[in-house]
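Working notes, beginning with the structure itself.
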Amino acid sequence: MDLKKLAAALIPDADLLEPDSYEQIYPERNTAKGAYVTRLAPSPTGFIHLGNLYSALADERAAHTTGGIFYLRIEDTDEKRKVEGAVESVIRSLKYFGIKFDEGAEIDSPLNLYGPYYQRQRAKIYRAFAKRLIEQGRAYPCFCTAEELDKIREEQNAEKLTPGYYGKFAKCRNLSEEEIYSALRAGKPFVIRLKSCGDIKNKITFRDAIKGEITVTENDQDVVILKSDGIPTYHFAHVIDDHFMRTNLVIRGEEWLSSLPVHLELFKVLGFKPPVYAHTCSLMKTENGAKRKLSKRKDPELSLDYYRKAGYFPKAVVIYLMTLLNSGFEEWRLKNPAADISEFKFKVEKMGKSGALFDLDKLNDISRNEISALSPEECFGFLKEWADEFGDAKDRQHFTDKAYIVKILNLLMGTGGKKRRKDIERAEQGVRLMDYFFDDTFSPEYSFRCGKEEANAVLQGFYDVYDPADDNSVWFEKLKAVAASAGFAAENSEYKAHPEAYKGSVSDAAEVLRIAVTGSPNSPDLCTIMGILGKERSLARLKAAIK
RNA sequence: GGCCCUGUGGUCAAGCGGUUAAGACGGAGCCCUCUCAAGGCUCAAUCCCGGGUUCGAUUCCCGGCAGGGUCACCA
C-alpha cells in the first residue's frame, strides 16, 4: 500500500509543516542545568479545584526552586465538555491563591515563545505528526462506529478478556487499500489510531519521581491519537506538547499512571525523550466510613470557590496543601512562621506517596494561625474584601467604618496583649463574630444561669456605677461590688468553698452582663467591649436586658 | 475481573536493620481565669497479617489481606 498517498488522503491539509521543523521553531530552552520546566494543563471543563491547586503548587515550587519555568497550557481538546468562562475562572482562582505563571495562556509575558498555549490552536502540529506516523505505517485509520466498539467490548467482557482495541479486535488495523478508500469515498467518519508494537507480556520498569520504581506492562492498545474531528486525544497532545514546550517534569495525578504505557510508546514512536514524571497521590475524603478520591461532581469542598466563599485565608489553604505536598514543610513552618513560603526547599522526591484524607480541622487551625499573625489593618482588608463580595448589605455597611472595625479587631486579635487571640478562623466566621458590635445585627437571647431577680439586680447595679473611664481593674472591682450586693460571692474561691451561701459566683454575675452586652455567654474582655461600644450603647443594652 | 499504586496513632506524618517509634491537627485532663480564645503542663492513641533473611525487623525479601486508581473518539 502506498502509505504516502494514504496519509495525504487521510490528512489532506495543505498547510502542514514538515514535522522536524518544529524542533527549530521550539528550540531547547536555555534554562540552567537541573532547572525544571513544568506546566499546569487544565481542561476548561468547569471550576478549578483543590486537586488542581495542589498540583499547581507542586509545579510552581518545583520550577521556581530550581530556576525553571512554570507555564499554563489549556487542554481544550474536548469540545463537548467545554464550559464557557472556565479559563478565566482558572486564572482568577489561581491568582487568588497566589500562584504565578511565567508564561502561557492569557499570561502577558515576553516568554511566550512556545505557544499557542491552547491545544485547539495547535491542531496543525498534531496533524503533521499524525500524518507522518501514517506514512511510517505506525498509525492507521479506523472506521469503527461507537456501536461496533461497544459490541467488541461486550464480547471481551463475556469472554473475560482485556477490553480494548488491540490484536485481533483491532478490526481496522489490517484493512485493505480497497476497503479504506471506499470507506473514505462513502464519507465515513474515521479516527487515527496508533499501530501499537507493544506486547502486554513485556514489562517496563520506569522511575517515577515520587513513587520510585514502577513496573508496568507494555501498551498493546491501538489508542486513538486523532479523533474524528481531527483533534488529538489527551495522549497524543500531551506527548507532542510536552516535548515541544520542552517540559522536563510532568506532575500529574496518579490516575494517569495507568495510561503511562501509552505515553511511553508514543514518545518512542515519535522519537522524543520522555520527561521526568511525578505522579501525585489524590486527595481523599471519607464517606460512610469508606475512603474515596475527592470528586469534582460530588464534593463542593473540592471547589476553590468554596474556600473563597467561606472566607478561608488563601495563604492558609496554600500552607495546608504544602504540608500535604512535602513532609517537612510543617515543621519548617513552625520554626519559621514569618518566612516566605518560597524560602522552603521544596523537593519533588519528598512528595507523599499515599492519598491523604482532606483534614478540615487542620486547615482551620492553620487558617486561625495565619490570620492571627496579621496586623489589624491587614485583617481588616481581608475581611472587607470578603464582605464586599460575599457579605450582605449590613456587612458591607459595617465595613465602611474602618476605624471602628480596627478597634474591634484589636480586641479579637489580642493585638495589645502579650498573647494574640485566635478567634478568627475565616472571613465569614470572623464577620459574624463582630455582629454584636452593631445594633442592626445584635440579637441577644437573655438566658442566664442565675435567677431573674439577681440578674436584674446585677444589671441595674452595674448600670448605676458604670464609667467608661474606668480601667479594667476598676471595672472588675465595681462588678465584684455589684455582684456582692446582689448576693453573689465576689471571689470564685469563696464561692467554691461555700456554694450554699451565695446565689452564685462573680462569674455568674459577669455572665449576666456579658449576655446583656454581647448576646453571648462567651466573649473577649467585656470591659474593652463596652469601651468600644461606648457608654450610651452599653448602658442601653444593660437597660434592655432588665426584665 | 485484569493491570498498577499505597499500607506507622482518629488524621497528616518523621523514622528506612538495634529509637523510651519524633512532631503537628484532633481528643481527654489540669493550670491560668469574670466567660471564651490564647497560653503552659500532662495524658490516651500507631508500625495490616503471615512466612522468611538476620544475633535483631516498623525498616529488607516473598506471600496474603485491605484501601485506592484505571480499563472512552474525557482529560
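Note on naming: chains are A, B, ... as they come in the C-alpha cells, residues start from 1 per chain, ligands start from 1 in the order shown.
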Using only C-alpha atoms (C1' of nucleotides), tabulate the residues of chain A lying at most 6 Å from any atom of chain B, each with its closest atom pair and that distance in Å to one decimal, by chain and increasing residue number, as a Markdown table.
```
| residue | atom | partner | partner_atom | distance |
| --- | --- | --- | --- | --- |
| A:Lys227 | CA | B:C73 | C1' | 4.7 |
| A:Glu255 | CA | B:G69 | C1' | 5.5 |
| A:Ser258 | CA | B:U70 | C1' | 5.6 |
| A:Ser354 | CA | B:U6 | C1' | 5.3 |
| A:Lys362 | CA | B:C25 | C1' | 4.9 |
| A:Arg421 | CA | B:A38 | C1' | 4.8 |
| A:Asp423 | CA | B:A37 | C1' | 5.8 |
| A:Ser507 | CA | B:C34 | C1' | 4.9 |
| A:Ala510 | CA | B:C34 | C1' | 5.3 |
| A:Asn522 | CA | B:C36 | C1' | 4.5 |
| A:Ser523 | CA | B:C36 | C1' | 5.1 |
```
request  = With a distance cut-off of 10 Å and only C-alpha atoms (C1' of nucleotides), select the neighbouring residues of Ala403 (chain A), excluding the residue or stretch itself and same-chain residues fewer than 6 positions from it, and output the selection as a PyMOL selection string.
outcome  = chain A and resi 377+380+409
Once you have the residues from the selection above, write them out as a PDB file, in the first residue's frame, restricted to C-alpha atoms.
```
ATOM      1  CA  GLU A 377      -5.246  46.690  59.241  1.00  0.00           C
ATOM      2  CA  PHE A 380      -9.497  44.490  58.008  1.00  0.00           C
ATOM      3  CA  LEU A 409     -10.013  43.647  65.545  1.00  0.00           C
TER       4      LEU A 409
END
```
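Excluding C16 (chain B) itself and any same-chain residue fewer than 3 positions from it, the protein and nucleic acid residues within 10 Å of it, counting only C-alpha atoms (C1' of nucleotides), are U58, U59 and C60 of chain B.
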Could those residues be written to a file, using N, CA and C atoms (P, O5', C5', C4', C3', O3' and C1' of nucleotides), as a PDB file, in the first residue's frame?
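Final output, part24.pdb:
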```
ATOM      1  P     U B  58       9.301  -5.373  64.098  1.00  0.00           P
ATOM      2  O5'   U B  58       8.770  -4.314  63.030  1.00  0.00           O
ATOM      3  C5'   U B  58       7.435  -4.169  62.663  1.00  0.00           C
ATOM      4  C4'   U B  58       7.372  -3.023  61.685  1.00  0.00           C
ATOM      5  C3'   U B  58       8.504  -3.061  60.673  1.00  0.00           C
ATOM      6  O3'   U B  58       8.127  -3.857  59.578  1.00  0.00           O
ATOM      7  C1'   U B  58       8.343  -0.891  61.629  1.00  0.00           C
ATOM      8  P     U B  59       9.145  -4.292  58.462  1.00  0.00           P
ATOM      9  O5'   U B  59       9.322  -2.923  57.692  1.00  0.00           O
ATOM     10  C5'   U B  59      10.198  -2.788  56.608  1.00  0.00           C
ATOM     11  C4'   U B  59      11.084  -1.577  56.781  1.00  0.00           C
ATOM     12  C3'   U B  59      12.472  -1.789  56.210  1.00  0.00           C
ATOM     13  O3'   U B  59      12.666  -0.921  55.113  1.00  0.00           O
ATOM     14  C1'   U B  59      12.539  -0.801  58.397  1.00  0.00           C
ATOM     15  P     C B  60      12.097  -1.414  53.682  1.00  0.00           P
ATOM     16  O5'   C B  60      12.977  -2.699  53.349  1.00  0.00           O
ATOM     17  C5'   C B  60      14.262  -2.553  52.776  1.00  0.00           C
ATOM     18  C4'   C B  60      14.826  -3.909  52.454  1.00  0.00           C
ATOM     19  C3'   C B  60      13.825  -4.884  51.846  1.00  0.00           C
ATOM     20  O3'   C B  60      13.696  -4.689  50.447  1.00  0.00           O
ATOM     21  C1'   C B  60      14.996  -5.962  53.589  1.00  0.00           C
TER      22        C B  60
END
```
inquiry  = I'd like the neighbourhood of Ser89 (chain A) as a PyMOL selection string, where a residue qualifies if any of its atoms comes within 9 Å (using only C-alpha atoms (C1' of nucleotides)), though same-chain residues fewer than 5 positions away should be ignored.
reply    = chain A and resi 46-48+94
I need the chosen residues saved as a compact mmCIF listing (two decimals), in the first residue's frame, with C-alpha atoms.
```txt
# COMPACT_ATOMS: atom_id res chain seq x y z
CA GLY A 46 -15.69 23.62 34.83
CA PHE A 47 -14.43 25.02 38.08
CA ILE A 48 -10.86 24.59 39.07
CA LEU A 94 -5.06 30.59 40.91
```
key: Residue set, region 312-376 of chain A restricted to helix (DSSP H, G or I), as number ranges by chain   = A: 314-325, 329-335, 341-343, 348-350, 360-372, 376
Write the selection just made, keeping C-alpha atoms, as a short mmCIF file (atom, residue, chain, number, x, y, z; two decimals), in the first residue's frame?
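Contents of the output file again_32.cif:
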```
data_model
loop_
_atom_site.label_atom_id
_atom_site.label_comp_id
_atom_site.auth_asym_id
_atom_site.auth_seq_id
_atom_site.Cartn_x
_atom_site.Cartn_y
_atom_site.Cartn_z
CA PRO A 314 -5.82 31.96 50.80
CA LYS A 315 -2.36 31.61 52.21
CA ALA A 316 -3.71 29.18 54.78
CA VAL A 317 -5.05 26.92 52.05
CA VAL A 318 -1.68 27.06 50.32
CA ILE A 319 0.13 26.26 53.54
CA TYR A 320 -2.17 23.38 54.25
CA LEU A 321 -1.57 21.96 50.78
CA MET A 322 2.16 22.45 51.22
CA THR A 323 2.09 20.37 54.39
CA LEU A 324 0.47 17.59 52.39
CA LEU A 325 2.80 18.09 49.48
CA PHE A 329 7.15 21.67 55.44
CA GLU A 330 5.01 21.75 58.54
CA GLU A 331 7.98 21.67 60.88
CA TRP A 332 9.83 24.20 58.81
CA ARG A 333 6.80 26.46 59.04
CA LEU A 334 6.64 26.05 62.80
CA LYS A 335 10.24 27.12 63.08
CA ILE A 341 6.96 30.03 51.59
CA SER A 342 9.42 30.35 48.74
CA GLU A 343 12.26 30.02 51.24
CA VAL A 348 9.72 16.65 44.29
CA GLU A 349 11.08 13.42 45.75
CA LYS A 350 9.64 14.32 49.15
CA LEU A 360 -10.67 20.43 57.56
CA ASP A 361 -9.67 20.69 61.24
CA LYS A 362 -6.10 21.12 60.25
CA LEU A 363 -6.93 23.71 57.62
CA ASN A 364 -8.96 25.61 60.20
CA ASP A 365 -6.10 25.54 62.64
CA ILE A 366 -3.67 26.84 60.05
CA SER A 367 -6.12 29.48 58.97
CA ARG A 368 -6.56 30.74 62.55
CA ASN A 369 -2.82 30.92 62.99
CA GLU A 370 -2.19 32.76 59.76
CA ILE A 371 -4.95 35.28 60.38
CA SER A 372 -3.79 35.88 63.94
CA PRO A 376 -5.46 44.53 62.37
#
```
query = Could you pull out the strand (DSSP E or B) residues of region 13-258 of chain A from DSSP and send them as number ranges by chain?
reply = A: 37-40, 49, 69-72, 74, 103-104, 118, 139-142, 191-194, 203-208, 212-217, 224-226, 232, 249-253
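For region 538-546 of chain A, the non-local neighbours within 8 Å, defined as residues at least 3 positions apart in the same chain or in other chains and counting only C-alpha atoms (C1' of nucleotides), are Tyr446, Ala455, Asn456, Leu459, Gln460, Tyr463, Leu513, Ala516, Val517, Met530, Leu533, Gly534 and Lys535 of chain A.
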inquiry  = Neighbouring residues of A28 (chain B) were defined as those with any atom within 12 Å, considering only C-alpha atoms (C1' of nucleotides); residues of the same chain fewer than 6 positions away were excluded. Please report them as a PyMOL selection string.
reply    = chain B and resi 42-45
task = Would you please work out which residue, of A:Leu149, A:Met1, A:Ile192, A:Val482, is nearest to Glu179 (chain A) when using only C-alpha atoms?
result = A:Met1
query = Interatomic distance between CA of Leu113 (chain A) and CA of Tyr26 (chain A)?
reply = 7.5 Å
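The neighbours of Glu60 (chain A) here are the residues that come within 9 Å of it, using only C-alpha atoms (C1' of nucleotides) and leaving out any residue fewer than 6 positions away in the same chain; they are Thr38, Arg39, Leu40, Ile69, Phe70, Tyr71, Ile99, Lys100 and Phe101 of chain A.
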Once you have the residues from the selection above, write them out as a compact mmCIF listing (two decimals), in the first residue's frame, restricted to N, CA and C atoms.
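Here's the written file selection_32.txt:
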```txt
# COMPACT_ATOMS: atom_id res chain seq x y z
N THR A 38 7.91 23.15 34.12
CA THR A 38 6.68 22.45 34.48
C THR A 38 5.48 23.21 33.92
N ARG A 39 4.36 22.56 33.95
CA ARG A 39 3.16 23.22 33.46
C ARG A 39 1.95 22.77 34.26
N LEU A 40 0.95 23.66 34.24
CA LEU A 40 -0.36 23.25 34.71
C LEU A 40 -1.19 23.17 33.44
N ILE A 69 10.91 27.17 34.68
CA ILE A 69 9.76 27.89 34.12
C ILE A 69 8.49 27.12 34.44
N PHE A 70 7.47 27.88 34.78
CA PHE A 70 6.17 27.28 35.06
C PHE A 70 5.15 27.95 34.13
N TYR A 71 4.50 27.16 33.31
CA TYR A 71 3.58 27.77 32.36
C TYR A 71 2.19 27.15 32.38
N ILE A 99 -0.77 31.85 42.94
CA ILE A 99 0.03 31.06 42.02
C ILE A 99 0.36 31.91 40.79
N LYS A 100 1.64 32.06 40.50
CA LYS A 100 2.04 32.89 39.36
C LYS A 100 2.70 32.07 38.27
N PHE A 101 2.27 32.33 37.05
CA PHE A 101 2.86 31.64 35.89
C PHE A 101 3.91 32.53 35.25
```
